[in-house]
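One structure below.
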Amino acid sequence: MYPIVRVVKRIPDGSIWQRYRAYRLPDLNGAARVYLPGGTGWWNPVGGWVTAADVRGVSLFHPDLPFVVSCHGPENAKRFYIDIVRGSTIGERLIEYLDLYLDVMIDAARAVSEKDEEHLHRLDGAERMAVLQARDDVRARIAKSDPLFDPASEYFALPPDASGLMPLLPD
């Protein structure tokens with residue numbers, strides 16, 4: 001069976017911006033992986049949502065990488081949401097990361113875009129530069145077909161016995 005972990009996304013003021021519960025899959029190449037079945041509930045301070053039944057996802061957290069990778073969507077239309085982060089803390093029951101506003105997205109047609117760059121002024125100069133460097137690294141990895149951004153890679157492969165896991169609600 002797969003243990004249930006709580007995933008918490010914080011913003012630079014320390015407050016929680018999102019949280020959800022997911023199933024912890026076996027780690028791969030130092031990356032912690034969590035699975036979110038369709039119907040998983042999410043919480044944030046302005047409300048919450050439940051993913052559609054056909055939207056399954058796997059998220060990756062690595063303590064040495066300045067980004068968190070989420071691959072989600074219907075099987076034939078996976079997309080990516082990549083948060084640029086200060087760091088990820090990975091525990092047995094809790095995974096936390098500190099989001100630094102800037103996000104890189106890859107849609108189902110593999111088009112790359114960004115959002116929330118207008119919030120970078122809230123960071124000090126050195127951290128703002130680190131965020132932009134991390135963004136450039138993510139874009140370079142995407143251009144080189146890094147498996148971290150390939151929905152068919154082993155990072156996002158779901159073990160056969162995990163496909164029947166039930167959706168979880170945030171706590």
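By order of appearance in the structure tokens: chains A, B, ..., then residues from 1 within every chain, and ligands from 1 in the order shown.
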Item to check | range 11-14 of chain A surroundings by only C-alpha atoms, 7 Å radius, close-in-sequence under 5 positions cut, as a VMD selection string | outcome: chain A and resid 98 to 100
May I have the selected residues written with all heavy atoms, as a compact mmCIF listing (two decimals), in the first residue's frame?
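Below is the file that was written, part_19.txt:
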# COMPACT_ATOMS: atom_id res chain seq x y z
N LEU A 98 8.38 26.00 -0.49
CA LEU A 98 8.14 27.43 -0.46
C LEU A 98 8.18 27.96 -1.89
O LEU A 98 9.23 27.98 -2.52
CB LEU A 98 9.18 28.14 0.40
CG LEU A 98 8.74 29.56 0.70
CD1 LEU A 98 8.61 29.80 2.18
CD2 LEU A 98 9.65 30.55 0.05
N ASP A 99 7.02 28.33 -2.38
CA ASP A 99 6.85 28.81 -3.74
C ASP A 99 7.37 30.24 -3.86
O ASP A 99 7.11 31.08 -3.00
CB ASP A 99 5.37 28.75 -4.09
CG ASP A 99 5.09 29.23 -5.49
OD1 ASP A 99 5.55 28.57 -6.43
OD2 ASP A 99 4.41 30.26 -5.65
N LEU A 100 8.09 30.51 -4.94
CA LEU A 100 8.64 31.85 -5.17
C LEU A 100 7.96 32.55 -6.36
O LEU A 100 8.59 33.25 -7.14
CB LEU A 100 10.15 31.78 -5.37
CG LEU A 100 10.92 31.33 -4.12
CD1 LEU A 100 12.39 31.14 -4.45
CD2 LEU A 100 10.73 32.33 -2.99
Checklist entry - How would you write, as number ranges by chain, the set of residues in chain A that DSSP gives as strand (DSSP E)? => result A: 4-10, 16-28, 31-36, 41-44, 47-50, 56-61, 67-73, 79-90, 94-106, 112-115
Checklist outcome for this item: Counting only C-alpha atoms, the residue among A:Val46, A:Val7, A:Leu102, A:Leu165 that lies closest to Phe67 in chain A is A:Leu102
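Between Ser113 in chain A and the candidates A:Ala77, A:Val50, A:Val138, A:Ala130, the tightest atom-to-atom separation, counting only C-alpha atoms, involves A:Val138.
Pairwise distance (CA of Leu168 in chain A, CA of Ser59 in chain A) equals 15.0 Å.
Of the residues listed (A:Leu25, A:Leu36, A:Ile95, A:Ala31), A:Ala31 shows the shortest atom-to-atom separation from Leu65 in chain A; distances use only C-alpha atoms.
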Checklist entry - In chain A, what's alpha helix (DSSP H) per DSSP? Answer as a PyMOL selection string? => result chain A and resi 125-143
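The closest residue to Ser70 in chain A, picked from A:Leu28, A:Leu148, A:Ala53, A:Leu123 and counting only C-alpha atoms, is A:Leu148.
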Next on the checklist: For Pro26 in chain A, find every residue with an atom within 12 Å (counting only C-alpha atoms), except residues of its own chain fewer than 3 positions away, and show them as a list in words.
Outcome noted: Met1, Tyr2, Pro3, Tyr23, Asn29, Gly30, Ala31, Ala32, Arg33, Val34, Tyr35, Val58, Leu60, Glu92, Glu154, Tyr155, Phe156, Ala157, Leu158, Pro159 and Ala162 of chain A
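Atom to atom, CA of Lys115 in chain A and CA of Ile84 in chain A stand 10.9 Å apart.
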Checklist entry - Just how far from CA of Trp43 in chain A is CA of Ser163 in chain A, in Å to one decimal? => result 23.2 Å
Checklist entry - So which one's closest to Asp103 in chain A, A:Arg19, A:Arg141, A:Arg24, A:His119? Using only C-alpha atoms, please. => result A:His119
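Residues with any atom within 12 Å of Ala108 in chain A, counting only C-alpha atoms and excluding same-chain neighbours fewer than 4 positions away, are Cys71, His72, Gly73, Pro74, Glu75, Asn76, Ala77, Lys78, Arg79, Phe80, Tyr81, Val112, Ser113, Phe149, Asp150 and Pro151 of chain A.
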Could you write those residues out with C-alpha atoms, as a CSV table (one decimal), in the first residue's frame?
chain,number,residue,atom,x,y,z
A,71,CYS,CA,2.2,16.4,-14.3
A,72,HIS,CA,-1.5,16.1,-14.5
A,73,GLY,CA,-4.5,15.7,-16.8
A,74,PRO,CA,-6.3,13.0,-18.7
A,75,GLU,CA,-4.1,10.2,-20.0
A,76,ASN,CA,-4.1,11.6,-23.6
A,77,ALA,CA,-3.6,15.3,-22.6
A,78,LYS,CA,-1.0,15.5,-19.8
A,79,ARG,CA,0.3,19.0,-18.9
A,80,PHE,CA,2.9,20.3,-16.5
A,81,TYR,CA,2.8,23.0,-13.8
A,112,VAL,CA,5.7,26.4,-22.8
A,113,SER,CA,4.5,29.5,-21.0
A,149,PHE,CA,9.3,17.1,-18.2
A,150,ASP,CA,8.2,14.1,-20.2
A,151,PRO,CA,4.8,12.7,-19.3
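Closest approach to Val85 in chain A among A:Arg56, A:Ile16, A:Arg10, A:Gly39: A:Arg10, based on only C-alpha atoms.
Near Thr89 in chain A, within 9 Å and counting only C-alpha atoms, sit Phe61, His62, Pro63, Leu94, Ile95, Glu96 and Tyr97 of chain A; same-chain residues fewer than 5 positions away were not included.
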Item to check | Residues near Thr51 in chain A, cut-off 9 Å, only C-alpha atoms, skip fewer than 4 positions along chain, as a ChimeraX atom specification | outcome: /A:37-42,55-56
Writing out the chosen residues with C-alpha atoms as a short mmCIF file (atom, residue, chain, number, x, y, z; two decimals), in the first residue's frame:
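Result file selection-v5.cif:
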data_model
loop_
_atom_site.label_atom_id
_atom_site.label_comp_id
_atom_site.auth_asym_id
_atom_site.auth_seq_id
_atom_site.Cartn_x
_atom_site.Cartn_y
_atom_site.Cartn_z
CA PRO A 37 -6.15 10.34 -8.30
CA GLY A 38 -8.94 12.06 -10.17
CA GLY A 39 -11.36 13.63 -7.70
CA THR A 40 -8.61 14.73 -5.28
CA GLY A 41 -9.55 17.76 -3.17
CA TRP A 42 -7.34 20.84 -2.83
CA VAL A 55 -7.48 14.19 -14.18
CA ARG A 56 -4.80 12.11 -12.50
#
